[in-house]
Amino acid sequence: MERQYETVRFILNGREVERVVDVRASLTDMLRNDFRMTSVKKGCEVGECGACNVLIDGEAFNSCIYLAVWAEGKHIRTLEGLLGPNGELSDIQQAFVEESAIQCGFCTPGFILTAVEILESGKEYSDEELRKLLSGHLCRCTGYENILRAVKKTMYRRLGKGLPAD
């Protein structure tokens, strides 16, 4: 007979954690319900909108289609893990504010975590490449240009380059 519950141990935003979870539970449900990570949004629940995006070992995943038990031994980062020690915003979060890339904010955490994966690669991407890398997200408010500008601005800042003229 298969077990319905398993203990999962992983690193959440730099802290070792452990939970007993239903083997059928999604990572979204565990993060929201057991750890109160409210930045992990429930959107489509089929892996198409990106609202539930988290970083797992540095790679962006839709947590709604990732089982909680698969988190065993992983390093998971949510938007809450990007804040500085005194609650200050990370550079990409600040760029979203500066570029007015936020309206209702529902999609914002997922976009920002995908942007973190992009930025941590240390590569310079073209606008076309950035659009493709951000394409797994749906936003109904802002339009994607402000979001693209925020990611591009942060990318160039991290690379120590000036933003090219559009």
# chains A, B, ... in the order shown; residues from 1 in each chain; ligands from 1
$ select_by_dssp --residues "chain A" --states "alpha helix (DSSP H)" --output "VMD selection string"
chain A and resid 27 to 29 35 91 to 98 108 to 120 127 to 133 144 to 158
$ select_by_dssp --residues "range 8-156 of chain A" --states "strand (DSSP E or B)" --output "list in words"
Val8, Arg9, Phe10, Ile11, Leu12, Arg15, Glu16, Val17, Glu18, Arg19, Val20, Val21, Asp22, Ser26, Asn53, Val54, Leu55, Ile56, Glu59, Ala60, Phe61, Asn62, Leu67, His75, Ile76 and Arg77 of chain A
$ residues_around --residues "Gly81 in chain A" --least-positions-apart "6" --cutoff "12 Å" --atoms "only C-alpha atoms" --output "ChimeraX atom specification"
/A:11-15,37-40,54-55,75,87-90,93,109,112-113,116
$ write_last_selection --atoms "N, CA, C and O atoms" --output "PDB file, in the first residue's frame"
ATOM      1  N   ILE A  11      15.487  23.548   1.407  1.00  0.00           N
ATOM      2  CA  ILE A  11      15.903  24.891   1.797  1.00  0.00           C
ATOM      3  C   ILE A  11      14.916  25.869   1.169  1.00  0.00           C
ATOM      4  O   ILE A  11      14.761  25.894  -0.050  1.00  0.00           O
ATOM      5  N   LEU A  12      14.246  26.663   1.999  1.00  0.00           N
ATOM      6  CA  LEU A  12      13.289  27.663   1.524  1.00  0.00           C
ATOM      7  C   LEU A  12      13.834  29.043   1.844  1.00  0.00           C
ATOM      8  O   LEU A  12      14.005  29.396   3.002  1.00  0.00           O
ATOM      9  N   ASN A  13      14.148  29.789   0.805  1.00  0.00           N
ATOM     10  CA  ASN A  13      14.688  31.147   0.954  1.00  0.00           C
ATOM     11  C   ASN A  13      15.859  31.172   1.941  1.00  0.00           C
ATOM     12  O   ASN A  13      15.954  32.033   2.805  1.00  0.00           O
ATOM     13  N   GLY A  14      16.755  30.164   1.781  1.00  0.00           N
ATOM     14  CA  GLY A  14      17.975  30.126   2.581  1.00  0.00           C
ATOM     15  C   GLY A  14      17.853  29.455   3.938  1.00  0.00           C
ATOM     16  O   GLY A  14      18.832  29.378   4.675  1.00  0.00           O
ATOM     17  N   ARG A  15      16.677  28.947   4.273  1.00  0.00           N
ATOM     18  CA  ARG A  15      16.444  28.350   5.592  1.00  0.00           C
ATOM     19  C   ARG A  15      16.032  26.883   5.442  1.00  0.00           C
ATOM     20  O   ARG A  15      15.162  26.568   4.632  1.00  0.00           O
ATOM     21  N   MET A  37       3.821  31.598   1.999  1.00  0.00           N
ATOM     22  CA  MET A  37       4.502  32.304   0.917  1.00  0.00           C
ATOM     23  C   MET A  37       3.429  32.804  -0.045  1.00  0.00           C
ATOM     24  O   MET A  37       3.112  32.169  -1.049  1.00  0.00           O
ATOM     25  N   THR A  38       2.849  33.947   0.289  1.00  0.00           N
ATOM     26  CA  THR A  38       1.705  34.451  -0.481  1.00  0.00           C
ATOM     27  C   THR A  38       2.097  35.051  -1.825  1.00  0.00           C
ATOM     28  O   THR A  38       1.217  35.350  -2.625  1.00  0.00           O
ATOM     29  N   SER A  39       3.386  35.189  -2.089  1.00  0.00           N
ATOM     30  CA  SER A  39       3.799  35.651  -3.420  1.00  0.00           C
ATOM     31  C   SER A  39       3.570  34.564  -4.464  1.00  0.00           C
ATOM     32  O   SER A  39       3.516  34.857  -5.656  1.00  0.00           O
ATOM     33  N   VAL A  40       3.470  33.326  -4.032  1.00  0.00           N
ATOM     34  CA  VAL A  40       3.229  32.208  -4.946  1.00  0.00           C
ATOM     35  C   VAL A  40       1.726  32.170  -5.207  1.00  0.00           C
ATOM     36  O   VAL A  40       0.944  31.751  -4.367  1.00  0.00           O
ATOM     37  N   VAL A  54       8.362  29.779  -9.082  1.00  0.00           N
ATOM     38  CA  VAL A  54       9.378  29.831  -8.033  1.00  0.00           C
ATOM     39  C   VAL A  54      10.694  29.377  -8.665  1.00  0.00           C
ATOM     40  O   VAL A  54      10.697  28.793  -9.749  1.00  0.00           O
ATOM     41  N   LEU A  55      11.793  29.638  -7.974  1.00  0.00           N
ATOM     42  CA  LEU A  55      13.086  29.138  -8.430  1.00  0.00           C
ATOM     43  C   LEU A  55      13.420  27.879  -7.644  1.00  0.00           C
ATOM     44  O   LEU A  55      13.383  27.883  -6.409  1.00  0.00           O
ATOM     45  N   HIS A  75      16.760  23.609  -3.256  1.00  0.00           N
ATOM     46  CA  HIS A  75      16.812  25.002  -2.797  1.00  0.00           C
ATOM     47  C   HIS A  75      15.693  25.734  -3.520  1.00  0.00           C
ATOM     48  O   HIS A  75      15.717  25.833  -4.749  1.00  0.00           O
ATOM     49  N   GLY A  87      14.297  44.383   4.659  1.00  0.00           N
ATOM     50  CA  GLY A  87      13.098  44.473   3.838  1.00  0.00           C
ATOM     51  C   GLY A  87      13.258  45.287   2.572  1.00  0.00           C
ATOM     52  O   GLY A  87      12.279  45.565   1.890  1.00  0.00           O
ATOM     53  N   GLU A  88      14.505  45.656   2.236  1.00  0.00           N
ATOM     54  CA  GLU A  88      14.700  46.450   1.021  1.00  0.00           C
ATOM     55  C   GLU A  88      14.523  45.581  -0.222  1.00  0.00           C
ATOM     56  O   GLU A  88      14.798  44.396  -0.213  1.00  0.00           O
ATOM     57  N   LEU A  89      14.031  46.230  -1.278  1.00  0.00           N
ATOM     58  CA  LEU A  89      13.779  45.543  -2.535  1.00  0.00           C
ATOM     59  C   LEU A  89      15.083  45.184  -3.232  1.00  0.00           C
ATOM     60  O   LEU A  89      16.073  45.915  -3.137  1.00  0.00           O
ATOM     61  N   SER A  90      15.058  44.074  -3.966  1.00  0.00           N
ATOM     62  CA  SER A  90      16.194  43.719  -4.811  1.00  0.00           C
ATOM     63  C   SER A  90      16.225  44.666  -6.014  1.00  0.00           C
ATOM     64  O   SER A  90      15.260  45.396  -6.269  1.00  0.00           O
ATOM     65  N   GLN A  93      13.278  44.059  -8.394  1.00  0.00           N
ATOM     66  CA  GLN A  93      12.017  44.553  -7.836  1.00  0.00           C
ATOM     67  C   GLN A  93      11.955  46.082  -7.956  1.00  0.00           C
ATOM     68  O   GLN A  93      10.921  46.639  -8.327  1.00  0.00           O
ATOM     69  N   PRO A 109       5.164  38.563  -9.035  1.00  0.00           N
ATOM     70  CA  PRO A 109       6.155  37.666  -8.435  1.00  0.00           C
ATOM     71  C   PRO A 109       6.708  36.636  -9.420  1.00  0.00           C
ATOM     72  O   PRO A 109       7.920  36.395  -9.463  1.00  0.00           O
ATOM     73  N   ILE A 112       9.079  38.319 -11.866  1.00  0.00           N
ATOM     74  CA  ILE A 112      10.341  38.702 -11.217  1.00  0.00           C
ATOM     75  C   ILE A 112      11.224  37.476 -11.001  1.00  0.00           C
ATOM     76  O   ILE A 112      12.438  37.541 -11.232  1.00  0.00           O
ATOM     77  N   LEU A 113      10.656  36.354 -10.599  1.00  0.00           N
ATOM     78  CA  LEU A 113      11.486  35.166 -10.385  1.00  0.00           C
ATOM     79  C   LEU A 113      12.052  34.635 -11.688  1.00  0.00           C
ATOM     80  O   LEU A 113      13.206  34.200 -11.731  1.00  0.00           O
ATOM     81  N   VAL A 116      14.899  36.854 -12.388  1.00  0.00           N
ATOM     82  CA  VAL A 116      16.072  36.511 -11.564  1.00  0.00           C
ATOM     83  C   VAL A 116      16.871  35.398 -12.239  1.00  0.00           C
ATOM     84  O   VAL A 116      18.103  35.472 -12.329  1.00  0.00           O
TER      85      VAL A 116
END
$ closest_atom_pairs --of "range 88-153 of chain A" --to "range 44-50 of chain A" --cutoff "7 Å" --atoms "only C-alpha atoms" --output "tab-separated table"
residue	atom	partner	partner_atom	distance
A:Gly110	CA	A:Gly50	CA	5.6
A:Gly136	CA	A:Gly50	CA	5.9
A:His137	CA	A:Gly50	CA	4.6
A:Leu138	CA	A:Cys49	CA	5.0
$ write_last_selection --atoms "C-alpha atoms" --output "short mmCIF file (atom, residue, chain, number, x, y, z; two decimals), in the first residue's frame"
data_model
loop_
_atom_site.label_atom_id
_atom_site.label_comp_id
_atom_site.auth_asym_id
_atom_site.auth_seq_id
_atom_site.Cartn_x
_atom_site.Cartn_y
_atom_site.Cartn_z
CA GLY A 110 6.29 35.07 -11.20
CA GLY A 136 5.58 31.77 -20.04
CA HIS A 137 3.74 34.50 -18.16
CA LEU A 138 0.37 36.13 -18.62
#
$ atom_distance --atom1 "CA of Ser26 in chain A" --atom2 "CA of Tyr5 in chain A"
12.8 Å
$ closest_residue --among "A:Lys123, A:Asp34, A:Gly160, A:Asn62" --to "Glu18 in chain A" --atoms "only C-alpha atoms"
A:Asp34
$ residues_around --residues "Leu133 in chain A" --least-positions-apart "2" --cutoff "9 Å" --atoms "only C-alpha atoms" --output "JSON, numbers by chain"
{"A": [114, 115, 118, 128, 129, 130, 131, 135, 136]}
$ closest_residue --among "A:Leu159, A:Leu119, A:Ala101, A:Leu67" --to "Gly143 in chain A" --atoms "only C-alpha atoms"
A:Ala101
$ residues_around --residues "Ala25 in chain A" --least-positions-apart "3" --cutoff "7 Å" --atoms "only C-alpha atoms" --output "ChimeraX atom specification"
/A:21-22,29-30,67-68
$ decode --residues "range 72-87 of chain A" --atoms "all heavy atoms" --output "mmCIF file, in the first residue's frame"
data_model
loop_
_atom_site.group_PDB
_atom_site.id
_atom_site.type_symbol
_atom_site.label_atom_id
_atom_site.label_comp_id
_atom_site.auth_asym_id
_atom_site.auth_seq_id
_atom_site.Cartn_x
_atom_site.Cartn_y
_atom_site.Cartn_z
ATOM 1 N N GLU A 72 12.139 17.680 -2.112
ATOM 2 C CA GLU A 72 13.126 17.035 -1.249
ATOM 3 C C GLU A 72 14.556 17.392 -1.680
ATOM 4 O O GLU A 72 14.947 17.165 -2.826
ATOM 5 C CB GLU A 72 12.936 15.508 -1.279
ATOM 6 C CG GLU A 72 13.941 14.731 -0.460
ATOM 7 C CD GLU A 72 13.829 14.983 1.046
ATOM 8 O OE1 GLU A 72 12.694 15.163 1.555
ATOM 9 O OE2 GLU A 72 14.870 14.991 1.710
ATOM 10 N N GLY A 73 15.318 17.989 -0.737
ATOM 11 C CA GLY A 73 16.725 18.315 -0.979
ATOM 12 C C GLY A 73 16.983 19.516 -1.871
ATOM 13 O O GLY A 73 18.135 19.840 -2.152
ATOM 14 N N LYS A 74 15.938 20.174 -2.317
ATOM 15 C CA LYS A 74 16.093 21.295 -3.258
ATOM 16 C C LYS A 74 16.257 22.630 -2.523
ATOM 17 O O LYS A 74 15.930 22.755 -1.352
ATOM 18 C CB LYS A 74 14.864 21.409 -4.170
ATOM 19 C CG LYS A 74 14.510 20.152 -4.917
ATOM 20 C CD LYS A 74 15.434 19.919 -6.066
ATOM 21 C CE LYS A 74 14.917 18.733 -6.892
ATOM 22 N NZ LYS A 74 15.891 18.270 -7.830
ATOM 23 N N HIS A 75 16.760 23.609 -3.256
ATOM 24 C CA HIS A 75 16.812 25.002 -2.797
ATOM 25 C C HIS A 75 15.693 25.734 -3.520
ATOM 26 O O HIS A 75 15.717 25.833 -4.749
ATOM 27 C CB HIS A 75 18.156 25.654 -3.149
ATOM 28 C CG HIS A 75 19.276 25.161 -2.306
ATOM 29 N ND1 HIS A 75 19.765 25.878 -1.248
ATOM 30 C CD2 HIS A 75 19.993 24.008 -2.351
ATOM 31 C CE1 HIS A 75 20.744 25.195 -0.681
ATOM 32 N NE2 HIS A 75 20.894 24.057 -1.329
ATOM 33 N N ILE A 76 14.719 26.240 -2.774
ATOM 34 C CA ILE A 76 13.568 26.913 -3.372
ATOM 35 C C ILE A 76 13.572 28.368 -2.948
ATOM 36 O O ILE A 76 13.757 28.684 -1.772
ATOM 37 C CB ILE A 76 12.252 26.223 -2.961
ATOM 38 C CG1 ILE A 76 12.270 24.787 -3.510
ATOM 39 C CG2 ILE A 76 11.036 27.005 -3.467
ATOM 40 C CD1 ILE A 76 11.107 23.945 -3.113
ATOM 41 N N ARG A 77 13.398 29.252 -3.933
ATOM 42 C CA ARG A 77 13.316 30.688 -3.661
ATOM 43 C C ARG A 77 11.996 31.223 -4.150
ATOM 44 O O ARG A 77 11.554 30.919 -5.256
ATOM 45 C CB ARG A 77 14.450 31.444 -4.363
ATOM 46 C CG ARG A 77 15.774 31.294 -3.652
ATOM 47 C CD ARG A 77 16.939 31.697 -4.504
ATOM 48 N NE ARG A 77 17.011 33.120 -4.741
ATOM 49 C CZ ARG A 77 17.812 33.656 -5.663
ATOM 50 N NH1 ARG A 77 18.568 32.893 -6.416
ATOM 51 N NH2 ARG A 77 17.849 34.952 -5.827
ATOM 52 N N THR A 78 11.387 32.032 -3.303
ATOM 53 C CA THR A 78 10.163 32.738 -3.669
ATOM 54 C C THR A 78 10.492 34.227 -3.651
ATOM 55 O O THR A 78 11.590 34.626 -3.255
ATOM 56 C CB THR A 78 9.030 32.442 -2.663
ATOM 57 O OG1 THR A 78 9.381 33.003 -1.397
ATOM 58 C CG2 THR A 78 8.768 30.948 -2.537
ATOM 59 N N LEU A 79 9.526 35.036 -4.024
ATOM 60 C CA LEU A 79 9.742 36.482 -4.013
ATOM 61 C C LEU A 79 10.163 36.970 -2.627
ATOM 62 O O LEU A 79 11.008 37.846 -2.508
ATOM 63 C CB LEU A 79 8.473 37.202 -4.463
ATOM 64 C CG LEU A 79 8.637 38.696 -4.714
ATOM 65 C CD1 LEU A 79 9.411 38.926 -5.992
ATOM 66 C CD2 LEU A 79 7.282 39.367 -4.786
ATOM 67 N N GLU A 80 9.609 36.367 -1.577
ATOM 68 C CA GLU A 80 9.959 36.768 -0.216
ATOM 69 C C GLU A 80 11.460 36.622 0.039
ATOM 70 O O GLU A 80 12.034 37.371 0.825
ATOM 71 C CB GLU A 80 9.177 35.918 0.807
ATOM 72 C CG GLU A 80 7.696 36.199 0.866
ATOM 73 C CD GLU A 80 6.846 35.423 -0.143
ATOM 74 O OE1 GLU A 80 7.421 34.784 -1.052
ATOM 75 O OE2 GLU A 80 5.614 35.468 -0.038
ATOM 76 N N GLY A 81 12.096 35.685 -0.643
ATOM 77 C CA GLY A 81 13.523 35.445 -0.471
ATOM 78 C C GLY A 81 14.418 36.450 -1.164
ATOM 79 O O GLY A 81 15.644 36.409 -0.998
ATOM 80 N N LEU A 82 13.836 37.362 -1.944
ATOM 81 C CA LEU A 82 14.648 38.371 -2.634
ATOM 82 C C LEU A 82 14.877 39.623 -1.802
ATOM 83 O O LEU A 82 15.772 40.407 -2.094
ATOM 84 C CB LEU A 82 13.980 38.784 -3.958
ATOM 85 C CG LEU A 82 13.791 37.705 -5.011
ATOM 86 C CD1 LEU A 82 13.204 38.316 -6.274
ATOM 87 C CD2 LEU A 82 15.080 36.975 -5.311
ATOM 88 N N LEU A 83 14.063 39.813 -0.776
ATOM 89 C CA LEU A 83 14.187 41.022 0.033
ATOM 90 C C LEU A 83 15.494 41.035 0.806
ATOM 91 O O LEU A 83 15.976 39.990 1.253
ATOM 92 C CB LEU A 83 13.016 41.118 1.024
ATOM 93 C CG LEU A 83 11.627 41.318 0.418
ATOM 94 C CD1 LEU A 83 10.577 41.266 1.515
ATOM 95 C CD2 LEU A 83 11.557 42.626 -0.339
ATOM 96 N N GLY A 84 16.041 42.232 0.998
ATOM 97 C CA GLY A 84 17.251 42.389 1.784
ATOM 98 C C GLY A 84 16.953 42.207 3.263
ATOM 99 O O GLY A 84 15.793 42.071 3.667
ATOM 100 N N PRO A 85 17.999 42.228 4.104
ATOM 101 C CA PRO A 85 17.828 41.966 5.540
ATOM 102 C C PRO A 85 16.900 42.950 6.247
ATOM 103 O O PRO A 85 16.274 42.607 7.246
ATOM 104 C CB PRO A 85 19.240 42.051 6.102
ATOM 105 C CG PRO A 85 20.083 42.648 5.037
ATOM 106 C CD PRO A 85 19.383 42.454 3.737
ATOM 107 N N ASN A 86 16.774 44.148 5.734
ATOM 108 C CA ASN A 86 15.885 45.142 6.341
ATOM 109 C C ASN A 86 14.631 45.371 5.497
ATOM 110 O O ASN A 86 14.001 46.421 5.579
ATOM 111 C CB ASN A 86 16.627 46.456 6.564
ATOM 112 C CG ASN A 86 17.803 46.273 7.501
ATOM 113 O OD1 ASN A 86 17.657 45.667 8.562
ATOM 114 N ND2 ASN A 86 18.968 46.754 7.102
ATOM 115 N N GLY A 87 14.297 44.383 4.659
ATOM 116 C CA GLY A 87 13.098 44.473 3.838
ATOM 117 C C GLY A 87 13.258 45.287 2.572
ATOM 118 O O GLY A 87 12.279 45.565 1.890
#
